[in-house]
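Participant: One structure follows; several queries about it will come next.
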Amino acid sequence: MGLVGAAAISGVAVGFVYGMLAFSIVLLFKASGIPNFAQGNIATFGTFIVYLLAARTGLPLPVAIALGFLGTAALGVVIYLGGILPRGEAGTLNLAIRTLAIYLLLFAVMNLFWGVGQPFAFPRFLPAASVPVAGVSVSLLSVVTVAVALVLGGAFWLLYNRTATGLLLRGIADRPEVARLLGANTARLSAMAWLLAGLVAVVVGLLTVPTALLSSDMMDSFFLYAFTAALLGGMTSLPGAFVGGVAVGVVSNVVTVLRGQEISILAIFALLIAILLVRPDGLFGHGVVERL
Amino acid sequence: MFAARAHSRTLPFSLAILAALALLGLLPIDQGMRYIVVLSMAWGIAAVGLDLFSGYLGQANFGQFAFVGIGAYSITALRSEANVGVVPALLLTMALTAVLAAIVGAATVRLQHFGAALATFFFAFVLFNVLGGNTLDPVTHSENGLAVPPLSWGPLDFSATGEWLYWLAWAMLLAAVLVTSNYANSRAGRALRLIKRSESVAGTLGVRVRLAKLSAFVFSAVVAAAAGLPLSLAIGYLAPETFHFSNSITLFAMLVVGGIGSIAGALIGALIFTALPQLMQGAGAAEALLFAVIFLVFAIGLPDGIFGLLARAWQLAVRTPPGSRLAARRGSGASRVHVASAAPGPAPADGLRGPGGEDALVAEDVSVVFGGVRALDRVGLRVRSASIHALVGPNGAGKTTFLNCVSGLLRPTAGRVVVAGRDVGRSPTHEIRALGVSRTFQNPSLVPDLSVLDNVMLGLYGSHRWSLVRDLAGDWASRGRQRAVGEQAAAALEQVGVPAARWDVLASDLSLGEQKVVDIARAIAGGSRLLLLDEPTSGLGDAEMGPLADLLKRLRADHRLSILVVAHNIGFVQDTSDTVTVLDFGRVIAEGEPNRVIADPEVITAYLGVAEVGAEVSA
Amino acid sequence: MKRSFWLLSTAVAAVFVVAACGGSGTATSSGNGGATAPGVTSDTIQIGTTSALTGNVSGPATLTTNGAQAVFDKVNATGGIHGRKLKVNVLDDGYTAPKAVANARTFVDQPVFAVFGGYGTVPAQSIVPILEQAKVPYLFPYQGNPYPDTKYVFLMMPLYRNQTAAVIKEAIQKYGKGSVYALVGKTADTPQTVQVAQQATTDAGGKWLGYDEVNQGTTDYTPYVLRMKQAHPDFVLVSTTPTDCARYVTAMVAQGALPAKRILGLQTLATESFINAVPSEASDVLFAPGPNAAPSNKLAADCVATVHKYSPNTQVTMETLWGCGTAQVLVYALEKAGTNLTRDGLVKTLEGMHQIDAAPVLTPISFSASNHVGESSMYQFTSSGKQLASAGTMPIPDVKT
C-alpha cells in the first residue's frame, strides 16, 4: 500500500470527523435556516465540561460524559433563548452574525477561565488499539467515529424525514408563520433543535479531542473544513455532510502527502469553488424557493 | 426576511466624524494615541468598503481583511523590491485586487445559503497561508515578514513616526467615505438595496443582478486594498499573523456595533474597536470577553448600532416634521421636483403594438410543470393593446405563475409567450423589461429602508443609460439626469394619487394598501407598455378601490397602456376589464366579457362550489 | 442644515477631545526630577513589558510575566535597587504585531527606562525596530530569533538555530549515530533551521532523511506522520509551536511511528504542558534543551520560594522559572550599573558580564559588545513518567551560517 493509499485511508478517517461536525451544522441549519458559526466552540465547551469534571474533580468518566451531555444540551437551549429567540425576525444575516458573536464569547470564556496550561491531554476512554487497514494503522477511535457517524446520521435522517416532529422542524425553518398557524410551538421546536445540536456537538468534541488535544481553539481548524464539507454536500442535506467531509479529508491528506500543506489548502479551496460553480446548492442540496 | 435596514444620505454624519478626527489631528496628542487613531482610520477604510457590500447589499463577506492584506503586501513589495513609487504602487495594487476580487467574486456571488460567506472566509484562510508559505516567498518573505520602507514626499514625512501619516490616512478615509457614500445613494446603490430585498424583483426592473453584486464585491475589495497603505506605513512591518483571518470577523463586529448600513457606523465602529482596548489596558483576558458581549448585545438588541441611536437622538433633537425635509434637502433629486399637476406622466406609448399592430401579449399553450405538479396547463391568453384584461381564479390557480412566465422569472415548460411580436419564453428578465413589460407583486417588495420616492425611482432603472463610474463620482456628475429621474418618479406618484407629503416616508412605514399603490407607481414610472398587476386590490378597502379602478382606466385611455390584472374582486373586474380569463388548477375554464364569464356555471362552481350566484356580484 | 451640521461636528469633536485627554492621561510622564535618564527618578525605575496576556499563547506568556513580577515584588519589598523601586507597566499585545507596536510606542512616550520580557516571536520582531530607534534597551524576551546590528537588544535564550544544531549533536553523542527526520513549523527561521539541522547531522556522523513543514493549527497530522514513518528515522526533530508539537507527537503514537531512538526538540518541548499533553510512550523518549532548570531541581529552589511568597496563585512551571531567572538578571544588571543610571550605562554593564551566575536557575550569563545572547549553554531535559528532569547542561555554540 503506497503512501497515497495510506493517506487516502487516513483522509477517510479524519473526513468522518469533519463530516460529523458538518452534520451538526446542517441539522441546525435545516431546522433554523441559520449557519451556526459557534458550533465548533460549543463542541469544545462541552468537551471542557467533561474534562473538568473528570480530570479535575475526579468524577468517573462515564458520569462526567453524561453530565457533559446535559450541560451542553442546556448550553444549546440557553444560546437559543438568549441569543437567537429575542428579536428573532431580524433576518438570517443578523442571526448568523449573532452566532459569530457567540463563537467569540465562548472562546473568550474558555480562555479566561480554563486557558492556563493548555493544551490538555484528555483522559483516555478508548483502548489505544488500532486496526491495520492496508498498511495504515487506523485507530480504534477512527473506527468508532465512523460507526457513531453512521448511527447518528441514520437516526437524524429518520427524524427529519419520517417523523412529524422532524417535518415540523424543517417547516419552521422554511416558513415559521405557517408552522405557527398549524399549531406548532415554534419556540419549543427551535429550542429542541438547538438542544440536539448541542448533544451532537459534544459527541464531535469527544471524538476529536484524543488527537487534537483539548484547548480553547481545538475546533478552529476543523470548523473551517467542516463548513466547507457542509457546503460541498449541500447545506440542506444530512448525508451530504458526510460525503463532503470525506471528500475534504481525502483530498486534503492525499495532496498534503504529495505536495505539502500549502498546496493542499489551495486544492480544497479550488475544489470548493469548482463544485459550487457547477452546483451552487452543493452536491445534494436544494435551493430556496422565493415566494413573490 | 429583511436584513438590517440601511440608511440613506448619512454623509453629514460621516463628515462630522471626519471633522472631529481632523480636529484631533491638530491637537498635541502623544505618539501612542496618534498611532492608534491612524490604525483606526485604516481599519475604518476597510470597514466602509465592507459596509457597502454587507450593509447595503446585505451579503456576508468574511474575507474583507484578506484584501487589506493583499493591498498591504502588494504595495510594500512593489515599493521595496521593485522600487516603484508609492502612487503607481497603490494604483497597480488596486488594479490587481480588482482582478483577483472579480475572479473570487464571480464564483461566490452565485452561491446560496451563506456559501459566499464561507467561500470568502476560506479565501482569507488561503491567503493567510499563502502569505506565510513558500509559493510567494520571494515577494512576501513569508514568516520573516516584510519591512515597510518609510515614505516621504519632499518635506512631508509619512513614516510611522512622522506627522503627516495621520493626514494621509485621514485623506484616504475621506476619499473612501465620499466614494462609498456616492455609490450607496446613487442609482447603483438603490439597485443593491433592491437586490437585498429580492433578487427576482430586481431582475424584473432591469437590474443585472449578478453583475451588480460582483461590482459591489470588487468595489469593497479595492477599498480594502487601499487601506493596506496607511496600515502598512503605521505598523512598519508586515507579518502574516497581522492578517489572520479572524480580523475579518473583527471587522464585522465593528460594523454591527457601529451601525451596519450607514457608512458613518463603520467609522464609529472602527474608532471604538481600535481605540477602546488601548484605553482598557490591564483588563487582560477579560477584555476579549467584554468585546464579545458587547458585540452580541448590539447584534441582538441594537441592530442599528450606535449610529442608529445617534440618528434617533438627532431626529428628536432637530425635530423636523417629515414633509418639510423634502424642501430642505439639497442635491438629491427630490428637491428638484415640483409638484406639477399638469405633468405629462409616464411616457405616453402607443399601446404596445407589434410591427403589425398586433396584440400586446399572446400566450399559446403555455404549460409549467414543477416536479409532478402542473402549475399551468396549456394556458392560452390574448391581451389586446390599450385594453384591460383580468385574470381571475381561486387561490393556487396559477395566476402568479403565469405572470412570472410573462415577466421572465419562470421559463415555461411548453408553449409560447409572445410580447409585441417577440417570443420571450427564454428571455432574461431585464430584456423583457426593456421591451416595456413591467409588473407589480402580490408581495410589493418595496425596499423597506428607502423612501417612497427612491423606491419609485428604481422603476426608472432601465430607462436611462448610466454607468457606475458616474455614480461613484457623485451627484454633481449627473445632476441633470438625477433631476429628470426624480421628476418622472414624482409624476408617476401623482398619477397613482400618492400625496407629496408621503414621498419622503420610508416604505416600511406604509400600510399594505399604500405599498401596493407605490408598487404600481414604480411599475409605470419607467414608461411601460404592458403592465402586469398581481392582485392590486387585495388589502384595499372599498374607498381605495374606486380610485384604483379609475387609475387603470386612465392608464388605458390616456396612455394606451395594455394591462393584465390579477384580481379577486368581481365588482372591480366588472368595472374595469374589457376581457376576463378564468383559471382553475392551471387550466383556462372560461374567457370573454366580464358579465358573461361571471354568469358561467363552471366559473361559479370553481369559485363557490355551489350553483347559485350569491351577493358577490355588486352593481 | 449647515448650522446643525457644525453643531453635530462640535459635539462629536468634544467627545473625541475628552477621550484623547483621557487616553493620553494614562501615559503621562512621571517627570524626571533630579534623574539621570528617561524612565528613572530618584525613587523609581520604570520598566515596560508587552506580553501576550490574551490569545492563544496566553498561558505560557502569563506565567513568564508573573514569574518575573514575583522577583520585582520581592526586590521592592527589600528596599529596591539603590533605593529605587521597580515599577512595571505590563501591557497586553495578544501576540499580534499591531498591538505590540502600540505598546512599544506607549513605552517610548511614557517613557520607560527599558522594555523587559515578553513572549514569542511576532511581538518581538515587530517592536525591535521601534525600540532600537528610540534607544530603549529591550531585554530578554522569550524567543530565539536573532537581531543582528542592534545595540539595545539583549537576548537570553540561545538562538533556535543554535539549539537545533546542539541538540542533534548531543543526542547523537549520547544515544549513538543514527538517521534524523524533522518536522518544522513555519517560522522566520525555518530555512536556516533546516539547513543547520542537516549540517549538524552530517557533521556528527548521522544520516539526514528529510523534513516536513507545517502551519499552526493543522487539523490532521497523520499525513506527515506517514511520510516520516516511511523513512524509519532514529531521531525525529520536532520544532514548531507547543500545541502543534504535541498534536504531531500524539499522532506519531497513534500510528505507532515513534523513532527508534529519541524525539528531539527545542525548548518548547521541555515544558510541563507538552509533557502532560502527549502520551507517556512519547514523553519518555524525549530529549530537549531548556533555558532554565526544572522546578524539581534544587537550583530552582530560590525562585520557587519567591514565586510561592509573592505570587502564590501562579503555578510554578518552566516558563515561570524563566520569568523569575531573567528578572533576577535584570535586577543584577541594574544594581551593577550603579546609582547614576543611564540606558547606555546599562548596556555597558551588560556587555561587561562574563560567565556570571546572576540567576541560579539559569546557566551562566555572558554578554559582550559582539554577543548579545546571554546563555551559551542549556540544561538537558528528559522525562520519565510525566516528570521533567534536568540533568547536566549542554553547550550551545554559535553555528556558522
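If you're wondering about the labels, chains in the C-alpha cells are A, B, ... by order shown, residues count from 1 in each chain, ligands from 1 in order shown.
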Could you produce a table of the residues of chain B lying within 9 Å of chain A, with the nearest pair of atoms per residue and their separation in Å rounded to one decimal, using only C-alpha atoms, ordered by chain and increasing residue number, as CSV?

Facilitator:
```
residue,atom,partner,partner_atom,distance
B:Met1,CA,A:Gly91,CA,5.2
B:Phe2,CA,A:Gly91,CA,5.3
B:Ala3,CA,A:Gly91,CA,4.8
B:Ala4,CA,A:Ala90,CA,6.8
B:Gly58,CA,A:Leu93,CA,7.5
B:Gln59,CA,A:Leu93,CA,7.5
B:Ala60,CA,A:Leu93,CA,7.0
B:Val104,CA,A:Ile273,CA,8.6
B:Ala107,CA,A:Leu277,CA,6.0
B:Thr108,CA,A:Ile273,CA,7.8
B:Arg110,CA,A:Pro280,CA,6.7
B:Leu111,CA,A:Pro280,CA,5.2
B:Gln112,CA,A:Asp281,CA,6.5
B:His113,CA,A:Met235,CA,7.0
B:Phe114,CA,A:Pro35,CA,7.5
B:Gly115,CA,A:Leu231,CA,6.5
B:Leu118,CA,A:Thr228,CA,7.3
B:Ala119,CA,A:Ile273,CA,7.6
B:Phe121,CA,A:Leu224,CA,8.5
B:Phe122,CA,A:Phe269,CA,7.0
B:Phe123,CA,A:Phe269,CA,7.4
B:Phe125,CA,A:Ile265,CA,8.7
B:Val126,CA,A:Ile265,CA,6.5
B:Asn129,CA,A:Glu262,CA,6.6
B:Val130,CA,A:Glu262,CA,6.8
B:Gly133,CA,A:Glu262,CA,6.5
B:Asn134,CA,A:Glu262,CA,7.9
B:Thr135,CA,A:Glu262,CA,8.1
B:Ser198,CA,A:Glu290,CA,8.5
B:Ser200,CA,A:Leu292,CA,8.2
B:Val201,CA,A:Leu292,CA,8.2
B:Ile249,CA,A:Leu100,CA,7.7
B:Phe252,CA,A:Ile97,CA,8.0
B:Ala253,CA,A:Ala101,CA,7.8
B:Val256,CA,A:Ile97,CA,8.5
B:Gly284,CA,A:Leu112,CA,8.9
B:Ala285,CA,A:Leu112,CA,5.5
B:Ala286,CA,A:Leu112,CA,6.6
B:Glu287,CA,A:Ala108,CA,8.6
B:Ala288,CA,A:Ala108,CA,5.6
B:Leu289,CA,A:Ala108,CA,4.9
B:Leu290,CA,A:Leu105,CA,8.4
B:Phe291,CA,A:Leu105,CA,8.2
B:Ala292,CA,A:Leu105,CA,4.9
B:Val293,CA,A:Leu105,CA,6.5
B:Ile294,CA,A:Ala101,CA,8.8
B:Phe295,CA,A:Ala101,CA,6.0
B:Leu296,CA,A:Ala101,CA,5.2
B:Val297,CA,A:Gly83,CA,8.6
B:Ala299,CA,A:Arg98,CA,5.9
B:Ile300,CA,A:Arg87,CA,6.7
B:Gly301,CA,A:Arg87,CA,7.5
B:Pro303,CA,A:Asn94,CA,7.8
B:Thr400,CA,A:Leu292,CA,8.3
B:Phe441,CA,A:Leu292,CA,6.5
B:Gln442,CA,A:Leu292,CA,6.5
B:Asn443,CA,A:Leu292,CA,5.8
B:Pro444,CA,A:Leu292,CA,8.3
B:Ser445,CA,A:Leu292,CA,8.0
```

Participant: Determine, counting only C-alpha atoms, which protein, DNA and RNA residues have an atom within 12 Å of an atom of C:Val112; residues of the same chain fewer than 3 positions away are not included. Present the result as number ranges by chain.

Facilitator: C: 27-32, 37-41, 44-49, 86-90, 103-109, 115-116, 131, 134-138, 342-343

Participant: One decimal, in Å: what's the spacing between atom CA of B:Leu561 and atom CA of B:Ile388?

Facilitator: 8.4 Å

Participant: One number please: atom CA of A:Leu21 to atom CA of A:Ile42, in Å, one decimal.

Facilitator: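 We find that atom CA of A:Leu21 and atom CA of A:Ile42 lie 10.8 Å from each other.
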
Participant: Smallest atom-to-atom distance to C:Lys174: which of C:Tyr379, C:Phe287, C:Phe72, C:Trp322, using only C-alpha atoms?

Facilitator: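 Looking at the shortest contact to C:Lys174, the residue is C:Phe287.
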
Participant: Compile the contact shell of B:Val597 as a PDB file with N, CA and C atoms, in the first residue's frame: residues with an atom at most 12 Å away, counting only C-alpha atoms, same-chain residues fewer than 3 positions apart removed.

Facilitator:
```pdb
ATOM      1  N   ALA B 390     -58.481  40.976 -17.342  1.00  0.00           N
ATOM      2  CA  ALA B 390     -58.390  40.465 -15.971  1.00  0.00           C
ATOM      3  C   ALA B 390     -58.092  38.980 -15.987  1.00  0.00           C
ATOM      4  N   LEU B 391     -57.336  38.547 -15.035  1.00  0.00           N
ATOM      5  CA  LEU B 391     -57.038  37.125 -14.874  1.00  0.00           C
ATOM      6  C   LEU B 391     -57.506  36.743 -13.486  1.00  0.00           C
ATOM      7  N   VAL B 392     -58.528  35.901 -13.432  1.00  0.00           N
ATOM      8  CA  VAL B 392     -59.078  35.562 -12.130  1.00  0.00           C
ATOM      9  C   VAL B 392     -59.034  34.058 -11.924  1.00  0.00           C
ATOM     10  N   GLY B 393     -59.282  33.678 -10.710  1.00  0.00           N
ATOM     11  CA  GLY B 393     -59.308  32.253 -10.384  1.00  0.00           C
ATOM     12  C   GLY B 393     -59.091  32.061  -8.903  1.00  0.00           C
ATOM     13  N   ILE B 570     -64.924  40.786  -7.824  1.00  0.00           N
ATOM     14  CA  ILE B 570     -65.714  40.691  -9.063  1.00  0.00           C
ATOM     15  C   ILE B 570     -66.191  42.057  -9.516  1.00  0.00           C
ATOM     16  N   VAL B 573     -63.517  43.820 -11.239  1.00  0.00           N
ATOM     17  CA  VAL B 573     -63.291  43.255 -12.580  1.00  0.00           C
ATOM     18  C   VAL B 573     -64.357  43.736 -13.541  1.00  0.00           C
ATOM     19  N   GLN B 574     -65.581  43.695 -13.090  1.00  0.00           N
ATOM     20  CA  GLN B 574     -66.656  44.145 -13.962  1.00  0.00           C
ATOM     21  C   GLN B 574     -66.484  45.590 -14.360  1.00  0.00           C
ATOM     22  N   SER B 577     -62.518  45.832 -16.501  1.00  0.00           N
ATOM     23  CA  SER B 577     -61.921  44.994 -17.540  1.00  0.00           C
ATOM     24  C   SER B 577     -62.727  44.915 -18.818  1.00  0.00           C
ATOM     25  N   ASP B 578     -61.954  44.791 -19.909  1.00  0.00           N
ATOM     26  CA  ASP B 578     -62.583  44.543 -21.198  1.00  0.00           C
ATOM     27  C   ASP B 578     -62.813  43.062 -21.383  1.00  0.00           C
ATOM     28  N   THR B 579     -61.828  42.272 -20.996  1.00  0.00           N
ATOM     29  CA  THR B 579     -61.992  40.816 -21.096  1.00  0.00           C
ATOM     30  C   THR B 579     -61.510  40.169 -19.803  1.00  0.00           C
ATOM     31  N   VAL B 580     -62.002  38.959 -19.571  1.00  0.00           N
ATOM     32  CA  VAL B 580     -61.613  38.212 -18.373  1.00  0.00           C
ATOM     33  C   VAL B 580     -61.197  36.807 -18.781  1.00  0.00           C
ATOM     34  N   THR B 581     -60.131  36.298 -18.206  1.00  0.00           N
ATOM     35  CA  THR B 581     -59.792  34.880 -18.342  1.00  0.00           C
ATOM     36  C   THR B 581     -59.863  34.267 -16.956  1.00  0.00           C
ATOM     37  N   VAL B 582     -60.524  33.103 -16.874  1.00  0.00           N
ATOM     38  CA  VAL B 582     -60.642  32.433 -15.575  1.00  0.00           C
ATOM     39  C   VAL B 582     -59.765  31.195 -15.568  1.00  0.00           C
ATOM     40  N   LEU B 583     -58.899  31.091 -14.556  1.00  0.00           N
ATOM     41  CA  LEU B 583     -58.044  29.911 -14.410  1.00  0.00           C
ATOM     42  C   LEU B 583     -58.531  29.077 -13.234  1.00  0.00           C
ATOM     43  N   VAL B 588     -57.424  27.092 -18.282  1.00  0.00           N
ATOM     44  CA  VAL B 588     -58.403  28.136 -18.572  1.00  0.00           C
ATOM     45  C   VAL B 588     -59.783  27.483 -18.637  1.00  0.00           C
ATOM     46  N   ILE B 589     -60.692  27.968 -17.824  1.00  0.00           N
ATOM     47  CA  ILE B 589     -62.027  27.384 -17.863  1.00  0.00           C
ATOM     48  C   ILE B 589     -63.065  28.317 -18.466  1.00  0.00           C
ATOM     49  N   ALA B 590     -62.688  29.580 -18.648  1.00  0.00           N
ATOM     50  CA  ALA B 590     -63.637  30.492 -19.290  1.00  0.00           C
ATOM     51  C   ALA B 590     -62.888  31.715 -19.757  1.00  0.00           C
ATOM     52  N   GLU B 591     -63.434  32.363 -20.785  1.00  0.00           N
ATOM     53  CA  GLU B 591     -62.818  33.591 -21.261  1.00  0.00           C
ATOM     54  C   GLU B 591     -63.847  34.411 -21.991  1.00  0.00           C
ATOM     55  N   GLY B 592     -63.722  35.727 -21.835  1.00  0.00           N
ATOM     56  CA  GLY B 592     -64.659  36.564 -22.587  1.00  0.00           C
ATOM     57  C   GLY B 592     -65.010  37.807 -21.833  1.00  0.00           C
ATOM     58  N   GLU B 593     -66.155  38.352 -22.148  1.00  0.00           N
ATOM     59  CA  GLU B 593     -66.604  39.580 -21.499  1.00  0.00           C
ATOM     60  C   GLU B 593     -66.936  39.302 -20.046  1.00  0.00           C
ATOM     61  N   PRO B 594     -66.697  40.250 -19.167  1.00  0.00           N
ATOM     62  CA  PRO B 594     -66.863  40.011 -17.729  1.00  0.00           C
ATOM     63  C   PRO B 594     -68.253  39.508 -17.346  1.00  0.00           C
ATOM     64  N   ASP B 600     -71.148  32.272 -16.031  1.00  0.00           N
ATOM     65  CA  ASP B 600     -70.830  30.915 -16.483  1.00  0.00           C
ATOM     66  C   ASP B 600     -70.891  29.938 -15.306  1.00  0.00           C
ATOM     67  N   PRO B 601     -71.675  28.890 -15.393  1.00  0.00           N
ATOM     68  CA  PRO B 601     -71.843  27.970 -14.253  1.00  0.00           C
ATOM     69  C   PRO B 601     -70.533  27.304 -13.826  1.00  0.00           C
ATOM     70  N   GLU B 602     -69.672  27.001 -14.786  1.00  0.00           N
ATOM     71  CA  GLU B 602     -68.418  26.328 -14.407  1.00  0.00           C
ATOM     72  C   GLU B 602     -67.577  27.261 -13.537  1.00  0.00           C
ATOM     73  N   VAL B 603     -67.611  28.531 -13.872  1.00  0.00           N
ATOM     74  CA  VAL B 603     -66.836  29.506 -13.087  1.00  0.00           C
ATOM     75  C   VAL B 603     -67.399  29.596 -11.680  1.00  0.00           C
ATOM     76  N   ILE B 604     -68.729  29.623 -11.612  1.00  0.00           N
ATOM     77  CA  ILE B 604     -69.338  29.757 -10.279  1.00  0.00           C
ATOM     78  C   ILE B 604     -68.995  28.545  -9.423  1.00  0.00           C
TER      79      ILE B 604
END
```

Participant: Could you pull the residues within 8 Å of stretch 57-61 of chain A, counting only C-alpha atoms, minus those fewer than 5 positions along the same chain, as a PyMOL selection string?

Facilitator: chain A and resi 50+52+125

Participant: Between A:Pro132, A:Gly285, A:Gly11, A:Gly46, which is the closest to A:Ser216 once you count only C-alpha atoms?

Facilitator: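 For A:Ser216, the nearest of the given residues is A:Gly46.
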
Participant: What are the residues of chain A lining chain C at 7 Å or less? Count only C-alpha atoms, and put the answer as a ChimeraX atom specification.

Facilitator: /A:7,10,115-121,137,139,211-213,221-222,253,256-257,261

Participant: Please dump the current selection as a short mmCIF file (atom, residue, chain, number, x, y, z; two decimals), in the first residue's frame; keep C-alpha atoms.

Facilitator:
```cif
data_model
loop_
_atom_site.label_atom_id
_atom_site.label_comp_id
_atom_site.auth_asym_id
_atom_site.auth_seq_id
_atom_site.Cartn_x
_atom_site.Cartn_y
_atom_site.Cartn_z
CA ALA A 7 -3.05 8.94 3.10
CA SER A 10 -6.37 8.40 6.91
CA GLY A 115 -6.85 28.57 29.40
CA VAL A 116 -3.78 28.38 31.54
CA GLY A 117 -1.65 25.35 30.75
CA GLN A 118 -3.41 24.26 27.62
CA PRO A 119 -3.35 22.03 25.62
CA PHE A 120 -4.54 19.33 27.96
CA ALA A 121 -4.47 15.60 27.41
CA SER A 137 -2.90 1.99 11.36
CA SER A 139 -7.06 3.80 15.26
CA THR A 211 -5.97 13.55 18.57
CA ALA A 212 -6.42 17.28 18.74
CA LEU A 213 -5.74 17.74 22.46
CA SER A 221 -9.27 24.50 12.03
CA PHE A 222 -11.74 21.62 12.00
CA ASN A 253 -4.50 14.34 3.17
CA THR A 256 -0.54 17.05 1.68
CA VAL A 257 1.37 13.85 1.43
CA GLN A 261 0.28 21.73 3.22
#
```

Participant: Can you work out which one of B:Ala270, B:Leu52, B:Leu403, B:Ala66 has the shortest atom-to-atom distance to B:Pro240, counting only C-alpha atoms?

Facilitator: B:Ala66

Participant: Of the candidates B:Ala47, B:Ala363, B:Leu564, B:Leu21, which shows the shortest atom-to-atom distance to chain C, using only C-alpha atoms?

Facilitator: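 Closest candidate: B:Leu21.
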
Participant: Using DSSP on the backbone, list every residue of stretch 16-234 of chain A that comes out as strand (DSSP E or B), and give them as number ranges by chain.

Facilitator: A: 120, 130-133, 136-139, 214

Participant: Using Å and a single decimal, report how far atom CA of C:Thr363 sits from atom CA of C:Asp302.

Facilitator: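 Straight-line distance from atom CA of C:Asp302 to atom CA of C:Thr363 works out to 14.5 Å.
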
Participant: Might you pull out every residue within 10 Å of C:Ala300, with only C-alpha atoms counted and same-chain residues fewer than 6 positions away left off, and present them as an NGL selection string?

Facilitator: :C and (292-294 or 318 or 321 or 324-325 or 359-362)

Participant: Please produce an output containing N, CA and C atoms for each residue in the selection, written as a PDB file, in the first residue's frame.

Facilitator:
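That gives us again_32.pdb:
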```
ATOM      1  N   ASN C 292      16.253  27.002  31.486  1.00  0.00           N
ATOM      2  CA  ASN C 292      16.383  27.074  32.929  1.00  0.00           C
ATOM      3  C   ASN C 292      16.171  25.682  33.525  1.00  0.00           C
ATOM      4  N   ALA C 293      16.526  25.533  34.768  1.00  0.00           N
ATOM      5  CA  ALA C 293      16.410  24.224  35.413  1.00  0.00           C
ATOM      6  C   ALA C 293      14.952  23.884  35.667  1.00  0.00           C
ATOM      7  N   ALA C 294      14.687  22.610  35.855  1.00  0.00           N
ATOM      8  CA  ALA C 294      13.323  22.164  36.127  1.00  0.00           C
ATOM      9  C   ALA C 294      12.924  22.564  37.547  1.00  0.00           C
ATOM     10  N   MET C 318       8.182  25.599  34.017  1.00  0.00           N
ATOM     11  CA  MET C 318       9.407  26.030  33.346  1.00  0.00           C
ATOM     12  C   MET C 318       9.322  27.505  32.955  1.00  0.00           C
ATOM     13  N   LEU C 321       9.741  29.853  35.901  1.00  0.00           N
ATOM     14  CA  LEU C 321      11.133  29.951  36.337  1.00  0.00           C
ATOM     15  C   LEU C 321      11.944  30.804  35.368  1.00  0.00           C
ATOM     16  N   CYS C 324      11.274  34.285  36.334  1.00  0.00           N
ATOM     17  CA  CYS C 324      11.999  34.603  37.563  1.00  0.00           C
ATOM     18  C   CYS C 324      13.480  34.821  37.281  1.00  0.00           C
ATOM     19  N   GLY C 325      14.078  33.885  36.554  1.00  0.00           N
ATOM     20  CA  GLY C 325      15.509  33.969  36.279  1.00  0.00           C
ATOM     21  C   GLY C 325      15.896  35.220  35.511  1.00  0.00           C
ATOM     22  N   ALA C 359      21.577  34.409  38.027  1.00  0.00           N
ATOM     23  CA  ALA C 359      20.336  33.747  38.442  1.00  0.00           C
ATOM     24  C   ALA C 359      20.608  32.262  38.538  1.00  0.00           C
ATOM     25  N   PRO C 360      20.514  31.686  39.711  1.00  0.00           N
ATOM     26  CA  PRO C 360      20.874  30.267  39.861  1.00  0.00           C
ATOM     27  C   PRO C 360      20.088  29.334  38.946  1.00  0.00           C
ATOM     28  N   VAL C 361      18.878  29.730  38.619  1.00  0.00           N
ATOM     29  CA  VAL C 361      18.047  28.814  37.842  1.00  0.00           C
ATOM     30  C   VAL C 361      18.443  28.826  36.357  1.00  0.00           C
ATOM     31  N   LEU C 362      19.174  29.869  35.938  1.00  0.00           N
ATOM     32  CA  LEU C 362      19.659  29.905  34.560  1.00  0.00           C
ATOM     33  C   LEU C 362      21.102  29.417  34.530  1.00  0.00           C
TER      34      LEU C 362
END
```

Participant: Skip B:Arg187 itself and residues of its chain fewer than 3 positions away, then list as a PyMOL selection string all residues within 10 Å of it, counting only C-alpha atoms.

Facilitator: chain B and resi 182-184+190-193+454+457-458+460-461+466-468+470-471+482+485

Participant: Can those selected residues be exported to a file as an mmCIF file, in the first residue's frame so that it contains C-alpha atoms?

Facilitator:
```cif
data_model
loop_
_atom_site.group_PDB
_atom_site.id
_atom_site.type_symbol
_atom_site.label_atom_id
_atom_site.label_comp_id
_atom_site.auth_asym_id
_atom_site.auth_seq_id
_atom_site.Cartn_x
_atom_site.Cartn_y
_atom_site.Cartn_z
ATOM 1 C CA ASN B 182 -21.918 58.265 -3.628
ATOM 2 C CA TYR B 183 -22.245 54.611 -4.524
ATOM 3 C CA ALA B 184 -24.743 53.875 -1.773
ATOM 4 C CA ARG B 190 -30.606 51.724 -4.811
ATOM 5 C CA ALA B 191 -30.337 48.706 -7.061
ATOM 6 C CA LEU B 192 -28.168 46.970 -4.468
ATOM 7 C CA ARG B 193 -30.731 47.642 -1.799
ATOM 8 C CA ASP B 454 -36.473 56.438 -4.009
ATOM 9 C CA MET B 457 -37.020 55.902 -8.948
ATOM 10 C CA LEU B 458 -35.965 52.294 -9.097
ATOM 11 C CA LEU B 460 -36.636 54.010 -13.938
ATOM 12 C CA TYR B 461 -33.560 51.838 -13.516
ATOM 13 C CA TRP B 466 -25.880 55.038 -16.967
ATOM 14 C CA SER B 467 -22.528 53.992 -15.666
ATOM 15 C CA LEU B 468 -21.238 53.001 -12.270
ATOM 16 C CA ARG B 470 -20.727 58.254 -12.908
ATOM 17 C CA ASP B 471 -22.486 57.051 -9.798
ATOM 18 C CA GLN B 482 -30.934 62.830 -11.421
ATOM 19 C CA VAL B 485 -35.416 60.737 -12.957
#
```
